[in-house]
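Chemist: Questions regarding the structure given below will be posed in turn.
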Amino acid sequence: MSRYSRIWATEIDHLRTATPDHPVLYFSPETLSETAQRFRAGFPGLVTYAVKANDNPGVIDTLARAGVTSFDVASPAEIALVREIVPGATLHYNNPVRSVAEIEAAVEAGVASYSVDGFGEFEKLRGRVPAGVEVSARLALPVKGAAYDFGAKFGEPPEGCVALLRAVEAAGFVPAMTFHPGTQCEDPAAWARYIETCGEISREAGVTLARLNVGGGFPSDRGLGANLDPIFAEIDRAVGETFGDTRPDLVCEPGRAMVAEAFSLAVRVKAVRECGSLFLNDGIYGLLAEVPIMGPYGRLRVLAPDGTPRAAPSVPRVLYGPTCDSLDRLPGEVPLPGDVTEGDVLIFDGMGAYSTATNTRFNGYGAHEIVTVRRGGHRATQS
């Protein structure tokens with residue numbers, strides 16, 4: 001981690017010496033490395049990182065140093081970024097819809113794996129992607145258990161995957177399958193249902209899968225105490241029972257669950273209205289864009305400007321962002337200490353996923369600073 005000019009002990013240590021008027025993201029490479037090791041030790045296959053969750057070069061570099069050398073990329077821009085930082089990385093292009101120009105850029109960059117969810121997209125690959133490259137048929141099922149479902153946009157039903165899988169093998173590609181159970185999925189049974197269906201498709205198609213990509217969707221801790229071990233165990237069990245002697249190699253592509261805990265977001269209170277509502281220097285058009293989609297956020301700390309925690313009894317408050325748009329507010333009412341005042345700092349923990357990726361810069365807001373810390377979020381109070 002010598003590549004970072006300065007590493008603070010915690011967010012509070014930095015805030016005690018600085019009073020930035022812009023949002024600050026606190027990045028803990030140590031936390032990210034620990035999460036990567038947790039995935040590599042627990043998941044029964046290859047662990048890749050979904051770059052879309054957070055494409056910060058420090059994230060990609062830290063993961064590579066932690067042993068993650070395969071990346072799930074969704075565009076030529078992400079391909080170029082990873083190639084620049086980790087030139088020898090293995091790239092999996094699992095955004096199943098691509099233009100011809102995007103496919104040509106991916107081939108030139110040596111992408112190792114593609115997914116498809118329809119014959120129109122498959123035909124774009126044929127004749128452009130070299131034979132012997134892995135191509136996965138992407139499955140979609142009406143499986144519940146996630147915060148929101150990817151199946152409405154991507155994926156083929158089982159009968160479509162049977163035909164696709166046969167075409168993949170006939171074209172000389174390495175046959176594989178992939179799916180995504182949906183973001184923030186906490187139900188291990190969702191993975192089992194997908195895996196069992198992939199086995200049925202493989203048998204009906206008469207095609208042996210070289211690899212099965214069980215997607216992302218792994219939950220991060222949004223105050224719910226996310227536990228990955230039961231999911232890893234259920235994946236291993238379901239694959240063993242479904243495929244037996246023809247068990248394919250496994251790969252996963254966590255984004256949110258890999259990077260979320262490595263960042264905390266500090267925002268300042270710009271104003272306190274007589275009604276008790278707060279105006280913050282960031283909102284849903286900035287680094288908090290996902291909060292209205294994902295639901296109430298429970299991991300929030302409030303600090304006085306000197307870093308002292310506010311501890312008065314909580315009162316419900318409406319939180320507004322800084323833009324001149326009435327939609328720029330967090331959902332519902334958020335319980336915060338009654339003594340919160342202008343200049344105080346609100347710290348949202350577990351904010352590494354999709355915060356920088358979805359920042360719009362609307363109204364000229366959205367500029368932020370990234371500060372490196374050794375321990376962030378809930379780990380900041382651990383010895």
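Chain labels A, B, ... are given in the sequence in which chains occur in the structure tokens; within each chain residues are numbered consecutively from 1, and ligands are likewise numbered from 1 in the order shown.
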So which residues touch A:Pro181 within 7 Å, counting only C-alpha atoms, skipping near sequence neighbours fewer than 4 positions away, as a list in words?

Modeler: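 That gives Ala146, Cys185, Ala190, Trp191 and Gly217 of chain A.
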
Chemist: Name the residues in contact with A:Pro322 at a cut-off of 9 Å, using only C-alpha atoms, excluding same-chain residues fewer than 5 positions from it; report them as a PDB file with N, CA and C atoms, in the first residue's frame.

Modeler:
ATOM      1  N   LYS A 270     -25.430  20.964   6.011  1.00  0.00           N
ATOM      2  CA  LYS A 270     -25.369  22.347   5.536  1.00  0.00           C
ATOM      3  C   LYS A 270     -26.341  23.255   6.283  1.00  0.00           C
ATOM      4  N   PHE A 279     -30.331  19.532   5.580  1.00  0.00           N
ATOM      5  CA  PHE A 279     -29.793  19.639   4.232  1.00  0.00           C
ATOM      6  C   PHE A 279     -28.328  19.206   4.289  1.00  0.00           C
ATOM      7  N   LEU A 280     -27.959  18.241   3.415  1.00  0.00           N
ATOM      8  CA  LEU A 280     -26.611  17.690   3.398  1.00  0.00           C
ATOM      9  C   LEU A 280     -25.861  18.165   2.154  1.00  0.00           C
ATOM     10  N   ASN A 281     -24.546  17.966   2.155  1.00  0.00           N
ATOM     11  CA  ASN A 281     -23.778  18.384   0.976  1.00  0.00           C
ATOM     12  C   ASN A 281     -23.635  17.268  -0.058  1.00  0.00           C
ATOM     13  N   ASP A 282     -24.469  16.238   0.073  1.00  0.00           N
ATOM     14  CA  ASP A 282     -24.561  15.210  -0.946  1.00  0.00           C
ATOM     15  C   ASP A 282     -25.948  14.583  -0.861  1.00  0.00           C
ATOM     16  N   GLY A 283     -26.397  13.969  -1.963  1.00  0.00           N
ATOM     17  CA  GLY A 283     -27.743  13.409  -1.977  1.00  0.00           C
ATOM     18  C   GLY A 283     -27.893  12.362  -3.051  1.00  0.00           C
ATOM     19  N   ASP A 328     -34.625  15.380  -4.461  1.00  0.00           N
ATOM     20  CA  ASP A 328     -33.324  15.076  -3.876  1.00  0.00           C
ATOM     21  C   ASP A 328     -33.442  14.930  -2.355  1.00  0.00           C
ATOM     22  N   ASN A 363     -26.379  19.807 -11.046  1.00  0.00           N
ATOM     23  CA  ASN A 363     -26.309  21.125 -10.411  1.00  0.00           C
ATOM     24  C   ASN A 363     -24.886  21.524 -10.026  1.00  0.00           C
ATOM     25  N   TYR A 365     -22.949  19.725  -8.225  1.00  0.00           N
ATOM     26  CA  TYR A 365     -22.548  18.980  -7.029  1.00  0.00           C
ATOM     27  C   TYR A 365     -22.027  17.611  -7.435  1.00  0.00           C
TER      28      TYR A 365
END

Chemist: Using only C-alpha atoms, which of A:Pro29, A:Gly127, A:Pro309, A:Gly42 sits nearest A:Asp229?

Modeler: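 Under the stated criterion, the closest residue is A:Gly42.
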
Chemist: Using only C-alpha atoms, which of A:Pro313, A:Gly321, A:Gly182, A:Gly110 sits nearest A:Ile284?

Modeler: A:Gly321

Chemist: Rank nothing, just name the residue among A:Glu11, A:Glu134, A:Asp117, A:Asp344 nearest to A:His92, using only C-alpha atoms.

Modeler: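 Smallest separation from A:His92 among the options: A:Glu134.
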
Chemist: Please identify all polymer residues within 12 Å of A:Phe348, counting only C-alpha atoms, omitting same-chain residues fewer than 6 positions from it, and present them as a PyMOL selection string.

Modeler: chain A and resi 11+23-26+222-223+260-268+282-283+287-288+291+296-303+355+376-378

Chemist: Store the residues picked out above, limited to N, CA and C atoms, as a tab-separated table (two decimals), in the first residue's frame.

Modeler:
chain	number	residue	atom	x	y	z
A	11	GLU	N	-11.34	7.35	9.80
A	11	GLU	CA	-12.00	8.55	9.29
A	11	GLU	C	-11.96	9.68	10.31
A	23	PRO	N	-18.22	16.13	0.03
A	23	PRO	CA	-18.26	14.76	0.55
A	23	PRO	C	-16.88	14.11	0.48
A	24	VAL	N	-16.63	13.22	1.44
A	24	VAL	CA	-15.35	12.50	1.48
A	24	VAL	C	-15.64	11.00	1.56
A	25	LEU	N	-15.02	10.24	0.67
A	25	LEU	CA	-15.08	8.80	0.74
A	25	LEU	C	-13.79	8.29	1.38
A	26	TYR	N	-13.93	7.51	2.43
A	26	TYR	CA	-12.77	6.95	3.11
A	26	TYR	C	-12.57	5.51	2.64
A	222	ARG	N	-25.79	-4.23	5.00
A	222	ARG	CA	-26.53	-2.97	5.11
A	222	ARG	C	-27.21	-2.87	6.47
A	223	GLY	N	-26.51	-3.35	7.50
A	223	GLY	CA	-27.09	-3.36	8.83
A	223	GLY	C	-27.86	-4.63	9.11
A	260	ALA	N	-18.08	-2.99	-1.02
A	260	ALA	CA	-18.90	-2.09	-0.20
A	260	ALA	C	-18.24	-1.72	1.12
A	261	GLU	N	-17.73	-2.72	1.84
A	261	GLU	CA	-17.20	-2.47	3.18
A	261	GLU	C	-15.90	-1.68	3.19
A	262	ALA	N	-15.27	-1.53	2.04
A	262	ALA	CA	-13.98	-0.85	1.99
A	262	ALA	C	-14.09	0.66	1.99
A	263	PHE	N	-15.31	1.20	1.90
A	263	PHE	CA	-15.50	2.65	1.84
A	263	PHE	C	-16.58	3.10	2.82
A	264	SER	N	-16.35	4.25	3.44
A	264	SER	CA	-17.37	4.97	4.19
A	264	SER	C	-17.49	6.37	3.60
A	265	LEU	N	-18.69	6.92	3.66
A	265	LEU	CA	-18.95	8.24	3.09
A	265	LEU	C	-19.26	9.24	4.20
A	266	ALA	N	-18.51	10.34	4.24
A	266	ALA	CA	-18.75	11.42	5.20
A	266	ALA	C	-19.37	12.62	4.47
A	267	VAL	N	-20.52	13.06	4.95
A	267	VAL	CA	-21.18	14.25	4.40
A	267	VAL	C	-21.43	15.23	5.54
A	268	ARG	N	-21.47	16.53	5.22
A	268	ARG	CA	-21.69	17.55	6.25
A	268	ARG	C	-23.12	18.06	6.21
A	282	ASP	N	-24.47	16.24	0.07
A	282	ASP	CA	-24.56	15.21	-0.95
A	282	ASP	C	-25.95	14.58	-0.86
A	283	GLY	N	-26.40	13.97	-1.96
A	283	GLY	CA	-27.74	13.41	-1.98
A	283	GLY	C	-27.89	12.36	-3.05
A	287	LEU	N	-23.32	10.63	-4.40
A	287	LEU	CA	-22.83	9.35	-3.93
A	287	LEU	C	-23.90	8.53	-3.21
A	288	LEU	N	-25.08	9.12	-2.97
A	288	LEU	CA	-26.17	8.42	-2.29
A	288	LEU	C	-27.27	7.99	-3.26
A	291	VAL	N	-29.56	4.81	-2.49
A	291	VAL	CA	-30.37	4.67	-1.28
A	291	VAL	C	-31.87	4.58	-1.58
A	296	PRO	N	-34.24	1.73	3.15
A	296	PRO	CA	-33.68	2.43	4.32
A	296	PRO	C	-32.27	1.98	4.63
A	297	TYR	N	-31.46	2.96	5.04
A	297	TYR	CA	-30.06	2.69	5.32
A	297	TYR	C	-29.83	2.78	6.83
A	298	GLY	N	-29.36	1.70	7.43
A	298	GLY	CA	-29.27	1.65	8.88
A	298	GLY	C	-27.90	1.88	9.47
A	299	ARG	N	-26.87	2.04	8.64
A	299	ARG	CA	-25.51	2.12	9.17
A	299	ARG	C	-25.01	3.56	9.05
A	300	LEU	N	-25.38	4.35	10.02
A	300	LEU	CA	-25.15	5.79	9.96
A	300	LEU	C	-24.66	6.29	11.30
A	301	ARG	N	-23.56	7.04	11.28
A	301	ARG	CA	-23.02	7.66	12.50
A	301	ARG	C	-23.07	9.17	12.36
A	302	VAL	N	-23.21	9.87	13.48
A	302	VAL	CA	-23.23	11.34	13.47
A	302	VAL	C	-22.13	11.83	14.41
A	303	LEU	N	-21.27	12.72	13.88
A	303	LEU	CA	-20.15	13.25	14.65
A	303	LEU	C	-20.20	14.76	14.70
A	355	SER	N	-21.45	3.93	-5.46
A	355	SER	CA	-21.51	5.33	-5.03
A	355	SER	C	-20.83	6.22	-6.05
A	376	GLY	N	-11.71	1.45	8.45
A	376	GLY	CA	-12.87	2.29	8.22
A	376	GLY	C	-14.13	1.63	8.70
A	377	GLY	N	-15.22	2.40	8.75
A	377	GLY	CA	-16.53	1.87	9.12
A	377	GLY	C	-16.55	1.23	10.49
A	378	HIS	N	-17.22	0.09	10.61
A	378	HIS	CA	-17.34	-0.56	11.91
A	378	HIS	C	-16.00	-1.02	12.43

Chemist: Rank nothing, just name the residue among A:Arg128, A:Arg273, A:Arg256, A:Arg40 nearest to A:Val340, using only C-alpha atoms.

Modeler: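 So, comparing all the options, the nearest one is A:Arg273.
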